[in-house]
>>> print(open('target.cif').read())   # mmCIF, C-alpha atoms
data_protein
#
loop_
_atom_site.group_PDB
_atom_site.id
_atom_site.type_symbol
_atom_site.label_atom_id
_atom_site.label_comp_id
_atom_site.auth_asym_id
_atom_site.auth_seq_id
_atom_site.Cartn_x
_atom_site.Cartn_y
_atom_site.Cartn_z
ATOM 1 C CA ARG A 467 0.000 0.000 0.000
ATOM 2 C CA GLN A 468 3.042 2.291 0.183
ATOM 3 C CA SER A 469 5.088 1.070 -2.780
ATOM 4 C CA ASP A 470 6.038 3.468 -5.576
ATOM 5 C CA LEU A 471 4.087 2.683 -8.775
ATOM 6 C CA SER A 472 5.450 5.462 -10.981
ATOM 7 C CA ASP A 473 7.430 3.015 -13.147
ATOM 8 C CA LYS A 474 4.527 0.563 -13.549
ATOM 9 C CA ARG A 475 2.425 0.130 -16.681
ATOM 10 C CA TYR A 476 -0.423 -2.362 -16.799
ATOM 11 C CA VAL A 477 -2.212 -3.380 -19.988
ATOM 12 C CA TYR A 478 -5.058 -5.386 -18.421
ATOM 13 C CA TRP A 479 -6.598 -5.451 -14.946
ATOM 14 C CA TRP A 480 -8.700 -8.120 -13.278
ATOM 15 C CA ALA A 481 -10.670 -6.786 -10.310
ATOM 16 C CA ASP A 482 -12.905 -8.458 -7.737
ATOM 17 C CA GLY A 483 -13.927 -8.394 -4.090
ATOM 18 C CA ILE A 484 -13.831 -11.222 -1.581
ATOM 19 C CA TYR A 485 -15.594 -11.300 1.788
ATOM 20 C CA SER A 486 -14.000 -12.875 4.827
ATOM 21 C CA HIS A 487 -15.402 -13.242 8.351
ATOM 22 C CA VAL A 488 -13.405 -11.812 11.208
ATOM 23 C CA ARG A 489 -14.063 -11.607 14.926
ATOM 24 C CA MET A 490 -17.463 -10.526 16.306
ATOM 25 C CA ASP A 491 -19.319 -11.627 13.154
ATOM 26 C CA ASP A 492 -17.826 -8.713 11.265
ATOM 27 C CA ARG A 493 -17.109 -9.075 7.561
ATOM 28 C CA LEU A 494 -13.996 -7.885 5.796
ATOM 29 C CA CYS A 495 -14.377 -7.028 2.107
ATOM 30 C CA LEU A 496 -11.051 -7.347 0.360
ATOM 31 C CA LEU A 497 -10.771 -5.425 -2.897
ATOM 32 C CA VAL A 498 -8.149 -7.019 -5.126
ATOM 33 C CA ILE A 499 -6.647 -5.971 -8.454
ATOM 34 C CA ILE A 500 -4.269 -8.116 -10.500
ATOM 35 C CA GLY A 501 -2.560 -6.559 -13.510
ATOM 36 C CA VAL A 502 -0.525 -7.796 -16.458
ATOM 37 C CA THR A 503 2.471 -5.807 -17.664
ATOM 38 C CA ALA A 504 3.510 -5.216 -21.279
ATOM 39 C CA THR A 505 5.944 -8.137 -20.890
ATOM 40 C CA GLY A 506 3.120 -10.530 -19.940
ATOM 41 C CA HIS A 507 3.858 -10.883 -16.238
ATOM 42 C CA LYS A 508 0.896 -10.892 -13.845
ATOM 43 C CA GLU A 509 1.348 -8.838 -10.697
ATOM 44 C CA LEU A 510 -0.630 -8.135 -7.557
ATOM 45 C CA VAL A 511 -1.536 -4.451 -7.905
ATOM 46 C CA ALA A 512 -3.704 -3.892 -4.822
ATOM 47 C CA VAL A 513 -5.179 -5.601 -1.749
ATOM 48 C CA TYR A 514 -7.438 -3.231 0.142
ATOM 49 C CA ASP A 515 -9.848 -3.337 3.066
ATOM 50 C CA GLY A 516 -12.940 -1.818 1.475
ATOM 51 C CA TYR A 517 -15.602 -2.904 3.987
ATOM 52 C CA ARG A 518 -17.932 -3.420 1.008
ATOM 53 C CA GLU A 519 -17.782 -3.296 -2.801
ATOM 54 C CA SER A 520 -19.074 0.271 -2.998
ATOM 55 C CA SER A 521 -18.082 3.011 -5.415
ATOM 56 C CA ALA A 522 -16.554 4.952 -2.519
ATOM 57 C CA SER A 523 -14.361 2.027 -1.426
ATOM 58 C CA TRP A 524 -13.144 1.274 -4.939
ATOM 59 C CA GLU A 525 -12.541 4.956 -5.668
ATOM 60 C CA GLU A 526 -10.497 5.305 -2.483
ATOM 61 C CA LEU A 527 -8.327 2.417 -3.675
ATOM 62 C CA LEU A 528 -7.900 3.849 -7.185
ATOM 63 C CA ILE A 529 -7.078 7.319 -5.857
ATOM 64 C CA SER A 530 -4.376 5.698 -3.726
ATOM 65 C CA LEU A 531 -2.910 4.040 -6.833
ATOM 66 C CA ARG A 532 -2.834 7.363 -8.688
ATOM 67 C CA GLN A 533 -1.223 9.147 -5.746
ATOM 68 C CA ARG A 534 1.503 6.510 -5.699
ATOM 69 C CA GLY A 535 2.309 7.140 -9.367
ATOM 70 C CA LEU A 536 0.046 4.815 -11.360
ATOM 71 C CA THR A 537 -1.378 7.550 -13.561
ATOM 72 C CA GLU A 538 -1.431 5.634 -16.852
ATOM 73 C CA SER A 539 -4.737 3.880 -17.437
ATOM 74 C CA PRO A 540 -4.930 0.158 -18.191
ATOM 75 C CA LYS A 541 -6.372 -0.548 -21.620
ATOM 76 C CA LEU A 542 -9.005 -2.975 -20.313
ATOM 77 C CA ALA A 543 -10.419 -3.923 -16.918
ATOM 78 C CA VAL A 544 -12.192 -7.235 -16.375
ATOM 79 C CA GLY A 545 -14.689 -7.800 -13.576
ATOM 80 C CA ASP A 546 -18.186 -8.879 -12.621
ATOM 81 C CA GLY A 547 -21.308 -6.727 -12.625
ATOM 82 C CA ALA A 548 -20.639 -4.948 -9.318
ATOM 83 C CA LEU A 549 -21.327 -1.310 -10.146
ATOM 84 C CA GLY A 550 -19.005 0.062 -7.493
ATOM 85 C CA PHE A 551 -15.826 -0.815 -9.373
ATOM 86 C CA TRP A 552 -17.073 0.351 -12.771
ATOM 87 C CA ASN A 553 -18.265 3.701 -11.432
ATOM 88 C CA ALA A 554 -14.934 4.275 -9.712
ATOM 89 C CA VAL A 555 -12.748 3.240 -12.652
ATOM 90 C CA SER A 556 -14.764 5.460 -15.016
ATOM 91 C CA LYS A 557 -13.915 8.446 -12.810
ATOM 92 C CA GLN A 558 -10.259 7.719 -12.103
ATOM 93 C CA TYR A 559 -9.236 5.983 -15.367
ATOM 94 C CA PRO A 560 -11.791 7.126 -17.953
ATOM 95 C CA ALA A 561 -9.750 5.794 -20.897
ATOM 96 C CA CYS A 562 -10.021 2.225 -19.602
ATOM 97 C CA GLN A 563 -12.422 -0.067 -21.482
ATOM 98 C CA HIS A 564 -14.746 -2.384 -19.540
ATOM 99 C CA GLN A 565 -15.148 -6.133 -20.030
ATOM 100 C CA ARG A 566 -17.762 -8.061 -18.050
ATOM 101 C CA TYR A 567 -16.896 -11.531 -16.795
ATOM 102 C CA TRP A 568 -18.829 -14.031 -18.933
ATOM 103 C CA VAL A 569 -19.025 -16.820 -16.333
ATOM 104 C CA HIS A 570 -20.679 -14.505 -13.795
ATOM 105 C CA LYS A 571 -23.021 -13.104 -16.428
ATOM 106 C CA THR A 572 -24.007 -16.607 -17.543
ATOM 107 C CA ALA A 573 -24.722 -17.621 -13.947
ATOM 108 C CA ASN A 574 -26.767 -14.456 -13.347
ATOM 109 C CA VAL A 575 -28.878 -15.112 -16.441
ATOM 110 C CA LEU A 576 -29.423 -18.812 -15.738
ATOM 111 C CA GLU A 577 -30.554 -18.276 -12.148
ATOM 112 C CA LYS A 578 -33.537 -16.336 -13.517
ATOM 113 C CA LEU A 579 -34.677 -19.311 -15.613
ATOM 114 C CA PRO A 580 -36.438 -22.602 -14.834
ATOM 115 C CA LYS A 581 -33.989 -25.505 -14.765
ATOM 116 C CA SER A 582 -35.552 -27.063 -17.854
ATOM 117 C CA MET A 583 -34.580 -24.028 -19.947
ATOM 118 C CA GLN A 584 -31.096 -23.467 -18.595
ATOM 119 C CA PRO A 585 -29.229 -25.828 -20.992
ATOM 120 C CA LYS A 586 -30.788 -24.191 -24.093
ATOM 121 C CA VAL A 587 -30.031 -20.669 -22.937
ATOM 122 C CA LYS A 588 -26.522 -21.623 -21.853
ATOM 123 C CA THR A 589 -25.822 -22.969 -25.333
ATOM 124 C CA ALA A 590 -27.129 -19.717 -26.827
ATOM 125 C CA LEU A 591 -24.787 -17.712 -24.591
ATOM 126 C CA HIS A 592 -21.833 -19.864 -25.642
ATOM 127 C CA ASP A 593 -22.689 -19.106 -29.272
ATOM 128 C CA ILE A 594 -22.327 -15.402 -28.470
ATOM 129 C CA TYR A 595 -18.930 -15.239 -26.800
ATOM 130 C CA LEU A 596 -17.343 -18.053 -28.817
ATOM 131 C CA ALA A 597 -18.159 -16.362 -32.140
ATOM 132 C CA GLU A 598 -15.061 -15.545 -34.196
ATOM 133 C CA LYS A 599 -16.206 -12.014 -35.099
ATOM 134 C CA ARG A 600 -18.097 -9.270 -33.301
ATOM 135 C CA GLU A 601 -20.787 -9.160 -35.987
ATOM 136 C CA ASP A 602 -21.411 -12.895 -35.576
ATOM 137 C CA ALA A 603 -21.580 -12.400 -31.801
ATOM 138 C CA ARG A 604 -24.093 -9.572 -32.213
ATOM 139 C CA GLN A 605 -26.220 -11.760 -34.476
ATOM 140 C CA ALA A 606 -26.119 -14.605 -31.941
ATOM 141 C CA PHE A 607 -26.984 -12.079 -29.213
ATOM 142 C CA ASP A 608 -30.001 -10.797 -31.132
ATOM 143 C CA ASN A 609 -31.102 -14.362 -31.876
ATOM 144 C CA ALA A 610 -31.006 -15.237 -28.168
ATOM 145 C CA VAL A 611 -33.038 -12.149 -27.305
ATOM 146 C CA GLU A 612 -35.631 -12.949 -29.979
ATOM 147 C CA ARG A 613 -35.947 -16.587 -28.868
ATOM 148 C CA PHE A 614 -36.234 -16.123 -25.118
ATOM 149 C CA GLU A 615 -37.241 -12.562 -24.223
ATOM 150 C CA ALA A 616 -41.018 -13.022 -24.485
ATOM 151 C CA LYS A 617 -41.135 -15.880 -21.981
ATOM 152 C CA TYR A 618 -38.173 -14.946 -19.778
ATOM 153 C CA PRO A 619 -37.905 -11.140 -19.750
ATOM 154 C CA LYS A 620 -35.955 -10.901 -16.476
ATOM 155 C CA ALA A 621 -33.203 -13.210 -17.684
ATOM 156 C CA ILE A 622 -32.855 -11.468 -21.040
ATOM 157 C CA SER A 623 -32.960 -8.022 -19.420
ATOM 158 C CA CYS A 624 -29.986 -9.110 -17.305
ATOM 159 C CA LEU A 625 -28.161 -10.089 -20.486
ATOM 160 C CA LYS A 626 -29.063 -7.017 -22.537
ATOM 161 C CA LYS A 627 -27.979 -4.374 -20.030
ATOM 162 C CA ASP A 628 -24.251 -5.176 -20.473
ATOM 163 C CA LYS A 629 -24.161 -5.949 -24.209
ATOM 164 C CA ALA A 630 -21.331 -3.548 -25.114
ATOM 165 C CA GLU A 631 -19.203 -4.534 -22.101
ATOM 166 C CA LEU A 632 -19.670 -8.241 -22.793
ATOM 167 C CA LEU A 633 -18.271 -7.863 -26.314
ATOM 168 C CA ALA A 634 -15.387 -5.465 -25.593
ATOM 169 C CA PHE A 635 -12.815 -8.264 -25.966
ATOM 170 C CA TYR A 636 -13.206 -8.207 -29.766
ATOM 171 C CA ASP A 637 -11.058 -5.042 -29.834
ATOM 172 C CA PHE A 638 -8.102 -6.961 -28.427
ATOM 173 C CA PRO A 639 -5.842 -9.761 -29.754
ATOM 174 C CA ALA A 640 -7.584 -13.112 -30.192
ATOM 175 C CA GLU A 641 -4.687 -14.743 -28.325
ATOM 176 C CA HIS A 642 -5.806 -12.840 -25.209
ATOM 177 C CA TRP A 643 -9.526 -13.610 -25.406
ATOM 178 C CA HIS A 644 -9.218 -16.678 -23.190
ATOM 179 C CA HIS A 645 -7.809 -14.457 -20.444
ATOM 180 C CA ILE A 646 -9.937 -11.326 -20.772
ATOM 181 C CA ARG A 647 -13.395 -12.895 -21.141
ATOM 182 C CA THR A 648 -13.084 -14.163 -17.577
ATOM 183 C CA THR A 649 -11.541 -13.280 -14.232
ATOM 184 C CA ASN A 650 -9.842 -16.679 -13.983
ATOM 185 C CA PRO A 651 -6.481 -15.151 -12.957
ATOM 186 C CA ILE A 652 -8.081 -13.629 -9.870
ATOM 187 C CA GLU A 653 -10.556 -16.454 -9.202
ATOM 188 C CA SER A 654 -7.777 -19.059 -9.059
ATOM 189 C CA ALA A 655 -5.833 -16.868 -6.627
ATOM 190 C CA PHE A 656 -8.942 -16.482 -4.467
ATOM 191 C CA ALA A 657 -9.449 -20.248 -4.163
ATOM 192 C CA THR A 658 -6.599 -20.559 -1.659
ATOM 193 C CA VAL A 659 -7.732 -17.435 0.178
ATOM 194 C CA ARG A 660 -11.293 -18.749 0.577
ATOM 195 C CA LEU A 661 -10.053 -22.102 1.851
ATOM 196 C CA ARG A 662 -7.770 -20.552 4.462
ATOM 197 C CA SER A 663 -10.284 -17.913 5.574
ATOM 198 C CA ARG A 664 -12.979 -20.577 6.097
ATOM 199 C CA ARG A 665 -10.631 -22.590 8.307
ATOM 200 C CA SER A 666 -9.719 -19.531 10.366
ATOM 201 C CA LYS A 667 -13.264 -18.140 10.555
ATOM 202 C CA ASN A 668 -13.805 -15.629 13.353
ATOM 203 C CA CYS A 669 -10.149 -15.889 14.325
ATOM 204 C CA GLY A 670 -8.393 -12.557 14.323
ATOM 205 C CA SER A 671 -8.825 -8.877 13.680
ATOM 206 C CA ARG A 672 -9.311 -7.074 10.385
ATOM 207 C CA ASP A 673 -5.586 -6.285 10.209
ATOM 208 C CA THR A 674 -4.465 -9.863 10.805
ATOM 209 C CA THR A 675 -6.954 -11.192 8.251
ATOM 210 C CA LEU A 676 -5.817 -8.608 5.698
ATOM 211 C CA SER A 677 -2.180 -9.526 6.347
ATOM 212 C CA MET A 678 -2.932 -13.240 5.980
ATOM 213 C CA VAL A 679 -4.702 -12.730 2.660
ATOM 214 C CA PHE A 680 -1.909 -10.510 1.363
ATOM 215 C CA LYS A 681 0.722 -13.145 2.166
ATOM 216 C CA LEU A 682 -1.363 -15.862 0.499
ATOM 217 C CA LEU A 683 -1.740 -13.781 -2.665
ATOM 218 C CA GLN A 684 1.927 -12.802 -2.586
ATOM 219 C CA SER A 685 2.850 -16.480 -2.420
ATOM 220 C CA ALA A 686 0.460 -17.354 -5.262
ATOM 221 C CA GLU A 687 1.973 -14.563 -7.378
ATOM 222 C CA LYS A 688 5.222 -16.524 -7.662
ATOM 223 C CA ARG A 689 3.387 -19.276 -9.576
ATOM 224 C CA TRP A 690 1.513 -17.047 -12.028
ATOM 225 C CA ARG A 691 2.413 -17.646 -15.659
ATOM 226 C CA LYS A 692 2.613 -15.206 -18.533
ATOM 227 C CA ILE A 693 -0.550 -14.884 -20.606
ATOM 228 C CA ARG A 694 -0.774 -16.341 -24.098
ATOM 229 C CA GLY A 695 0.450 -14.108 -26.901
ATOM 230 C CA PHE A 696 2.234 -11.830 -24.438
ATOM 231 C CA LYS A 697 4.368 -10.343 -27.235
ATOM 232 C CA LEU A 698 1.238 -8.574 -28.515
ATOM 233 C CA LEU A 699 0.792 -6.692 -25.246
ATOM 234 C CA THR A 700 3.264 -4.019 -26.313
ATOM 235 C CA LEU A 701 1.103 -3.271 -29.355
ATOM 236 C CA VAL A 702 -2.028 -3.043 -27.187
ATOM 237 C CA ALA A 703 -0.208 -0.721 -24.778
ATOM 238 C CA ASP A 704 0.826 1.481 -27.727
ATOM 239 C CA ASN A 705 -2.803 1.806 -28.889
ATOM 240 C CA VAL A 706 -2.351 -0.257 -32.064
ATOM 241 C CA GLU A 707 -5.815 -1.178 -33.337
ATOM 242 C CA PHE A 708 -7.218 -4.696 -33.351
ATOM 243 C CA LYS A 709 -10.508 -5.715 -34.958
ATOM 244 C CA ASP A 710 -12.146 -9.072 -34.272
ATOM 245 C CA GLY A 711 -8.920 -10.145 -32.609
ATOM 246 C CA GLU A 712 -6.762 -9.426 -35.645
ATOM 247 C CA LEU A 713 -4.194 -6.680 -36.106
ATOM 248 C CA VAL A 714 -5.364 -3.852 -38.331
ATOM 249 C CA SER A 715 -2.407 -3.942 -40.708
ATOM 250 C CA GLU A 716 -2.783 -0.468 -42.176
ATOM 251 C CA GLN A 717 -2.342 1.166 -38.789
ATOM 252 C CA ILE A 718 0.742 -0.859 -37.864
ATOM 253 C CA ASN A 719 2.273 0.001 -41.242
ATOM 254 C CA ARG A 720 1.675 3.729 -40.617
ATOM 255 C CA LYS A 721 3.268 3.464 -37.183
ATOM 256 C CA ALA A 722 6.258 1.640 -38.650
ATOM 257 C CA ALA A 723 6.624 4.326 -41.323
#
>>> encode(input="target.cif", output="structure tokens")
Amino acid sequence: RQSDLSDKRYVYWWADGIYSHVRMDDRLCLLVIIGVTATGHKELVAVYDGYRESSASWEELLISLRQRGLTESPKLAVGDGALGFWNAVSKQYPACQHQRYWVHKTANVLEKLPKSMQPKVKTALHDIYLAEKREDARQAFDNAVERFEAKYPKAISCLKKDKAELLAFYDFPAEHWHHIRTTNPIESAFATVRLRSRRSKNCGSRDTTLSMVFKLLQSAEKRWRKIRGFKLLTLVADNVEFKDGELVSEQINRKAA
């Protein structure tokens, strides 16, 4: 929380919050950001006691990052539908694009459906985010809305409200899609944290719990691997344009010239 970040540059962020019980039935909300550098290395950017995933808590964290020198915006942030983070990042890093986490969105849509319909709708959602081009994804999106909206308006409303953010990954290299459609980098790190915090439930203060989680994440960081296609990260960081996952050749030729 005191380290100098003025020499850091992150291309992508994954952000999420995790709740942990501490003494006296209190709950600690840990706000965590993991970033990937232009060389492909994943790093723990922030671990913060936010009390809850509110806009104020996330903004306090992001202001702290800016004050410590992290003034350059990431190109893309990946997270779930919690509005607190998105409101805060829009204020502090307005140039950052938003990508919603597809696994969370799928779960949110399916929970609003009867079990008999869940397999059909899940297949329709897969057709959207596994499409090779944005136009194909939009067509699959519209098809899903047309098929299911009349009978299941709540589920489809949940899907429709984040359409642009769900398809943001098409503006980035196809080699990175596997990483930026989900928050897997942060979810896998949280698995160990959740296991340890359950075993030590109601044991310790907020500070000791925060310290424990930080050390667990710091240990996990040593095992994180580079993302696929990491050599393309420099191009993303330099604002080279990608369309449907492919490099827009005219722009790279102009930059080279």
>>> closest_residue(input="target.cif", among="A:Gln468, A:Ser556, A:Asn705, A:Gln605", to="Ser530 of chain A", atoms="only C-alpha atoms")
A:Gln468
>>> atom_distance(input="target.cif", atom1="atom CA of Glu615 of chain A", atom2="atom CA of Arg566 of chain A")
20.9 Å
>>> residues_around(input="target.cif", residues="segment 579-582 of chain A", least_positions_apart="2", cutoff="7 Å", atoms="all atoms listed in the file", output="MDAnalysis selection string")
chainID A and resid 576:577 584 618 621
>>> resolve_selection(input="target.cif", expression="the PyMOL selection byres ((chain A and resi 690-701) around 6)", output="list in words")
Ala504, Gly506, His507, Glu641, Glu687, Lys688, Arg689, Val702, Ala703, Asp704 and Val706 of chain A
>>> residues_near_point(input="target.cif", point="(-10.0, -8.5, -4.0)", cutoff="9 Å", atoms="only C-alpha atoms", output="number ranges by chain")
A: 481-485, 495-500, 512-515, 652, 656
>>> resolve_selection(input="target.cif", expression="the PyMOL selection byres ((chain A and resi 536) around 7)", output="MDAnalysis selection string")
chainID A and resid 471:472 474 531:532 534:535 537:538
>>> residues_around(input="target.cif", residues="Pro540 of chain A", least_positions_apart="6", cutoff="9 Å", atoms="only C-alpha atoms", output="PyMOL selection string")
chain A and resi 475-479+501+559+561-563+703
>>> residues_around(input="target.cif", residues="segment 600-603 of chain A", least_positions_apart="5", cutoff="12 Å", atoms="all atoms listed in the file", output="compact mmCIF listing (two decimals) with C-alpha atoms, keeping the file's coordinate frame")
# COMPACT_ATOMS: atom_id res chain seq x y z
CA ALA A 590 -27.13 -19.72 -26.83
CA LEU A 591 -24.79 -17.71 -24.59
CA HIS A 592 -21.83 -19.86 -25.64
CA ASP A 593 -22.69 -19.11 -29.27
CA ILE A 594 -22.33 -15.40 -28.47
CA TYR A 595 -18.93 -15.24 -26.80
CA ASP A 608 -30.00 -10.80 -31.13
CA ASN A 609 -31.10 -14.36 -31.88
CA ALA A 610 -31.01 -15.24 -28.17
CA LYS A 629 -24.16 -5.95 -24.21
CA ALA A 630 -21.33 -3.55 -25.11
CA LEU A 632 -19.67 -8.24 -22.79
CA LEU A 633 -18.27 -7.86 -26.31
CA ALA A 634 -15.39 -5.46 -25.59
CA PHE A 635 -12.82 -8.26 -25.97
CA TYR A 636 -13.21 -8.21 -29.77
CA ASP A 637 -11.06 -5.04 -29.83
CA PHE A 638 -8.10 -6.96 -28.43
CA ALA A 640 -7.58 -13.11 -30.19
CA PHE A 708 -7.22 -4.70 -33.35
CA LYS A 709 -10.51 -5.72 -34.96
CA ASP A 710 -12.15 -9.07 -34.27
CA GLY A 711 -8.92 -10.14 -32.61
CA GLU A 712 -6.76 -9.43 -35.65
>>> residues_around(input="target.cif", residues="Glu519 of chain A", least_positions_apart="2", cutoff="8 Å", atoms="only C-alpha atoms", output="list in words")
Gly483, Cys495, Leu497, Gly516, Tyr517, Ser521, Ser523, Trp524, Ala548, Gly550 and Phe551 of chain A
>>> write_last_selection(input="target.cif", atoms="C-alpha atoms", output="short mmCIF file (atom, residue, chain, number, x, y, z; two decimals), in the coordinates of the input")
data_model
loop_
_atom_site.label_atom_id
_atom_site.label_comp_id
_atom_site.auth_asym_id
_atom_site.auth_seq_id
_atom_site.Cartn_x
_atom_site.Cartn_y
_atom_site.Cartn_z
CA GLY A 483 -13.93 -8.39 -4.09
CA CYS A 495 -14.38 -7.03 2.11
CA LEU A 497 -10.77 -5.42 -2.90
CA GLY A 516 -12.94 -1.82 1.48
CA TYR A 517 -15.60 -2.90 3.99
CA SER A 521 -18.08 3.01 -5.42
CA SER A 523 -14.36 2.03 -1.43
CA TRP A 524 -13.14 1.27 -4.94
CA ALA A 548 -20.64 -4.95 -9.32
CA GLY A 550 -19.00 0.06 -7.49
CA PHE A 551 -15.83 -0.82 -9.37
#
>>> resolve_selection(input="target.cif", expression="the PyMOL selection byres ((chain A and resi 679) around 9)", output="PyMOL selection string")
chain A and resi 496+513+659+662-663+674-678+680-684
>>> atom_distance(input="target.cif", atom1="atom CA of Ser623 of chain A", atom2="atom CA of Thr649 of chain A")
22.7 Å
